[in-house]
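Text of work_39.cif (mmCIF, C-alpha atoms, pLDDT in the B column; chains and numbers go by the auth columns) as supplied:
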data_upload
#
loop_
_atom_site.group_PDB
_atom_site.id
_atom_site.type_symbol
_atom_site.label_atom_id
_atom_site.label_comp_id
_atom_site.label_asym_id
_atom_site.label_seq_id
_atom_site.Cartn_x
_atom_site.Cartn_y
_atom_site.Cartn_z
_atom_site.B_iso_or_equiv
_atom_site.auth_seq_id
_atom_site.auth_asym_id
ATOM 1 C CA MET A 1 47.996 78.798 46.434 38.00 1 A
ATOM 2 C CA THR A 2 47.060 75.365 47.614 41.00 2 A
ATOM 3 C CA LEU A 3 43.504 74.193 47.974 42.00 3 A
ATOM 4 C CA TYR A 4 43.071 72.037 51.027 45.00 4 A
ATOM 5 C CA LYS A 5 40.356 69.866 52.479 48.00 5 A
ATOM 6 C CA LYS A 6 38.434 71.875 55.017 53.00 6 A
ATOM 7 C CA PRO A 7 37.586 70.315 58.359 61.00 7 A
ATOM 8 C CA GLU A 8 33.941 69.262 58.515 77.00 8 A
ATOM 9 C CA GLY A 9 31.809 70.796 61.252 88.00 9 A
ATOM 10 C CA LEU A 10 32.359 73.643 63.675 92.00 10 A
ATOM 11 C CA GLY A 11 34.032 71.483 66.306 94.00 11 A
ATOM 12 C CA ASN A 12 36.593 70.168 63.856 92.00 12 A
ATOM 13 C CA ILE A 13 37.271 73.675 62.524 92.00 13 A
ATOM 14 C CA VAL A 14 37.904 75.002 66.038 94.00 14 A
ATOM 15 C CA LYS A 15 40.053 72.009 66.991 94.00 15 A
ATOM 16 C CA ALA A 16 42.129 72.201 63.779 91.00 16 A
ATOM 17 C CA ALA A 17 42.720 75.948 64.255 91.00 17 A
ATOM 18 C CA ARG A 18 43.667 75.469 67.908 93.00 18 A
ATOM 19 C CA GLU A 19 46.074 72.637 67.129 93.00 19 A
ATOM 20 C CA LYS A 20 47.597 74.551 64.195 88.00 20 A
ATOM 21 C CA SER A 21 48.223 77.478 66.567 88.00 21 A
ATOM 22 C CA GLY A 22 49.760 75.179 69.183 91.00 22 A
ATOM 23 C CA ILE A 23 47.360 76.402 71.880 93.00 23 A
ATOM 24 C CA THR A 24 46.053 74.081 74.579 95.00 24 A
ATOM 25 C CA ILE A 25 42.363 73.626 75.335 96.00 25 A
ATOM 26 C CA GLU A 26 42.995 75.135 78.770 97.00 26 A
ATOM 27 C CA ASN A 27 44.718 78.226 77.368 96.00 27 A
ATOM 28 C CA ILE A 28 42.106 79.095 74.739 96.00 28 A
ATOM 29 C CA ALA A 29 39.218 78.307 77.105 97.00 29 A
ATOM 30 C CA TYR A 30 40.700 80.768 79.610 97.00 30 A
ATOM 31 C CA LYS A 31 41.151 83.457 76.927 95.00 31 A
ATOM 32 C CA VAL A 32 37.576 83.009 75.694 96.00 32 A
ATOM 33 C CA GLY A 33 36.122 82.864 79.205 97.00 33 A
ATOM 34 C CA ILE A 34 34.705 79.338 79.155 97.00 34 A
ATOM 35 C CA THR A 35 35.581 76.085 80.908 97.00 35 A
ATOM 36 C CA ASP A 36 37.933 73.499 79.433 96.00 36 A
ATOM 37 C CA ARG A 37 35.063 71.016 79.473 97.00 37 A
ATOM 38 C CA TYR A 38 32.808 73.346 77.477 97.00 38 A
ATOM 39 C CA LEU A 39 35.500 73.806 74.807 97.00 39 A
ATOM 40 C CA TYR A 40 36.075 70.050 74.750 97.00 40 A
ATOM 41 C CA ARG A 41 32.349 69.587 74.105 97.00 41 A
ATOM 42 C CA ILE A 42 32.425 72.149 71.271 97.00 42 A
ATOM 43 C CA GLU A 43 35.387 70.413 69.640 95.00 43 A
ATOM 44 C CA ASN A 44 34.424 66.782 70.169 95.00 44 A
ATOM 45 C CA GLU A 45 30.694 66.563 70.835 93.00 45 A
ATOM 46 C CA GLU A 46 29.506 69.234 68.365 89.00 46 A
ATOM 47 C CA LYS A 47 28.153 71.443 71.155 94.00 47 A
ATOM 48 C CA LYS A 48 26.964 74.690 69.573 95.00 48 A
ATOM 49 C CA PRO A 49 28.419 77.742 71.345 96.00 49 A
ATOM 50 C CA SER A 50 26.635 81.051 71.832 96.00 50 A
ATOM 51 C CA PHE A 51 27.379 83.786 69.312 95.00 51 A
ATOM 52 C CA ASP A 52 29.562 85.569 71.869 97.00 52 A
ATOM 53 C CA VAL A 53 31.703 82.462 72.447 97.00 53 A
ATOM 54 C CA LEU A 54 31.882 81.719 68.707 96.00 54 A
ATOM 55 C CA TYR A 55 32.979 85.299 68.019 95.00 55 A
ATOM 56 C CA LYS A 56 35.749 85.050 70.643 96.00 56 A
ATOM 57 C CA LEU A 57 36.939 81.678 69.288 96.00 57 A
ATOM 58 C CA ILE A 58 37.068 83.043 65.729 93.00 58 A
ATOM 59 C CA ARG A 59 39.101 86.051 66.885 91.00 59 A
ATOM 60 C CA GLU A 60 41.472 84.217 69.238 92.00 60 A
ATOM 61 C CA LEU A 61 42.210 81.400 66.789 92.00 61 A
ATOM 62 C CA SER A 62 42.243 83.562 63.630 88.00 62 A
ATOM 63 C CA ILE A 63 39.607 81.353 62.012 88.00 63 A
ATOM 64 C CA SER A 64 38.270 82.589 58.702 84.00 64 A
ATOM 65 C CA PRO A 65 34.524 83.117 59.231 85.00 65 A
ATOM 66 C CA ASP A 66 34.015 81.750 55.711 81.00 66 A
ATOM 67 C CA LEU A 67 35.041 78.298 56.971 83.00 67 A
ATOM 68 C CA ILE A 68 32.066 78.375 59.335 85.00 68 A
ATOM 69 C CA PHE A 69 29.444 80.428 57.538 84.00 69 A
ATOM 70 C CA TYR A 70 30.207 79.482 53.902 79.00 70 A
ATOM 71 C CA PRO A 71 31.550 75.912 54.069 75.00 71 A
ATOM 72 C CA GLU A 72 30.651 75.297 50.421 73.00 72 A
ATOM 73 C CA LYS A 73 32.940 78.116 49.274 71.00 73 A
ATOM 74 C CA PRO A 74 36.344 76.942 48.037 62.00 74 A
ATOM 75 C CA SER A 75 39.057 77.960 50.456 59.00 75 A
ATOM 76 C CA LYS A 76 42.760 78.497 50.074 58.00 76 A
ATOM 77 C CA ASP A 77 45.245 77.890 52.854 56.00 77 A
ATOM 78 C CA SER A 78 47.961 80.245 51.733 53.00 78 A
ATOM 79 C CA GLU A 79 50.907 81.937 53.315 63.00 79 A
ATOM 80 C CA VAL A 80 49.451 85.263 52.171 67.00 80 A
ATOM 81 C CA GLU A 81 46.279 84.696 54.209 66.00 81 A
ATOM 82 C CA ASN A 82 48.378 83.748 57.241 68.00 82 A
ATOM 83 C CA LEU A 83 50.503 86.882 56.816 76.00 83 A
ATOM 84 C CA LEU A 84 47.414 89.072 56.585 76.00 84 A
ATOM 85 C CA ARG A 85 46.118 87.640 59.858 73.00 85 A
ATOM 86 C CA MET A 86 49.462 88.299 61.543 80.00 86 A
ATOM 87 C CA LEU A 87 49.648 91.824 60.136 85.00 87 A
ATOM 88 C CA SER A 88 46.278 92.673 61.634 82.00 88 A
ATOM 89 C CA ASP A 89 47.831 92.114 65.086 82.00 89 A
ATOM 90 C CA CYS A 90 50.822 94.414 64.449 87.00 90 A
ATOM 91 C CA ASP A 91 51.227 97.874 65.933 92.00 91 A
ATOM 92 C CA GLU A 92 52.247 100.866 63.770 93.00 92 A
ATOM 93 C CA ARG A 93 55.981 100.425 64.389 94.00 93 A
ATOM 94 C CA SER A 94 55.872 96.751 63.460 92.00 94 A
ATOM 95 C CA LEU A 95 53.927 97.552 60.289 91.00 95 A
ATOM 96 C CA GLU A 96 56.588 100.092 59.273 94.00 96 A
ATOM 97 C CA VAL A 97 59.313 97.467 59.788 94.00 97 A
ATOM 98 C CA VAL A 98 57.360 94.932 57.707 91.00 98 A
ATOM 99 C CA LYS A 99 56.761 97.473 54.918 92.00 99 A
ATOM 100 C CA ALA A 100 60.451 98.429 54.811 94.00 100 A
ATOM 101 C CA THR A 101 61.481 94.784 54.748 93.00 101 A
ATOM 102 C CA VAL A 102 59.081 93.907 51.932 90.00 102 A
ATOM 103 C CA LYS A 103 60.162 96.976 49.936 92.00 103 A
ATOM 104 C CA ALA A 104 63.822 95.969 50.312 93.00 104 A
ATOM 105 C CA LEU A 105 63.040 92.427 49.178 92.00 105 A
ATOM 106 C CA VAL A 106 61.099 93.654 46.154 91.00 106 A
ATOM 107 C CA ASP A 107 63.750 96.215 45.204 91.00 107 A
ATOM 108 C CA THR A 108 66.562 93.644 45.352 92.00 108 A
ATOM 109 C CA ALA A 109 64.686 90.719 43.782 86.00 109 A
ATOM 110 C CA PRO A 110 66.223 89.358 40.596 87.00 110 A
ATOM 111 C CA GLU A 111 64.356 90.117 37.383 80.00 111 A
ATOM 112 C CA LYS A 112 61.929 87.440 36.245 68.00 112 A
#
Here is the file; what I need is its structure written in the form of structure tokens.
Amino acid sequence: MTLYKKPEGLGNIVKAAREKSGITIENIAYKVGITDRYLYRIENEEKKPSFDVLYKLIRELSISPDLIFYPEKPSKDSEVENLLRMLSDCDERSLEVVKATVKALVDTAPEK
């Protein structure tokens, strides 16, 4: 697992997560129910959003709350964390497919 430099400040965290997801300001602002300008101000002018808006941004952009609420805590940007976020969005059928795939990979993996 690779330690990485965390973005400083809420605006930078939101912007980095949005850019990493490939989502436009317009798209995420619409999903969260705010204006493009308001999101721009959060990202670039350190405007502090309401709790409701922050909650929606965290959920829509899959931001780890630890990045915001515990910035001093070491963080790991790992593929496992990304997979866990994706799995939380899966329905039951998709989870069964993922479990079967992982089991097949484990069962056929060469011995270490």
Q: Skip region 32-39 of chain A itself and residues of its chain fewer than 3 positions away, then list as a list in words all residues within 8 Å of it, counting only C-alpha atoms.
A: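 Answer for this query is Ile25, Glu26, Ile28, Ala29, Ile42, Glu43, Val53, Lys56, Leu57 and Glu60 of chain A.
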(Q) Suppose a student applies the PyMOL selection byres ((chain A and resi 64-68) around 8) to this structure; what residues should they get, written as a PyMOL selection string? (A) chain A and resi 6+9-10+13+58+62-63+69-71+73+75
Q | Polymer residues at most 9 Å from region 85-87 of chain A, all atoms listed in the file, same-chain spacing of 6 or more positions, as a ChimeraX atom specification | A | /A:62,94-95,98
Q | Between CA of Lys15 (chain A) and CA of Tyr40 (chain A), distance in Å (one decimal) | A |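 Separation between CA of Lys15 (chain A) and CA of Tyr40 (chain A): 8.9 Å.
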Q. Between A:Glu8, A:Leu61, A:Leu84, A:Ser50, which is the closest to Lys20 (chain A) once you count all atoms listed in the file?
A. A:Leu61
Q) In Å, how far is it from CA of Asn44 (chain A) to CA of Thr24 (chain A)? A) 14.4 Å
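Rounded to one decimal, CA of Gly11 (chain A) and CA of Pro49 (chain A) lie 9.8 Å from each other.
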(Q) Given all atoms listed in the file as the basis, pick out the residue of A:Val14, A:Asp89, A:Glu72, A:Glu111 nearest to Glu46 (chain A). (A) A:Val14
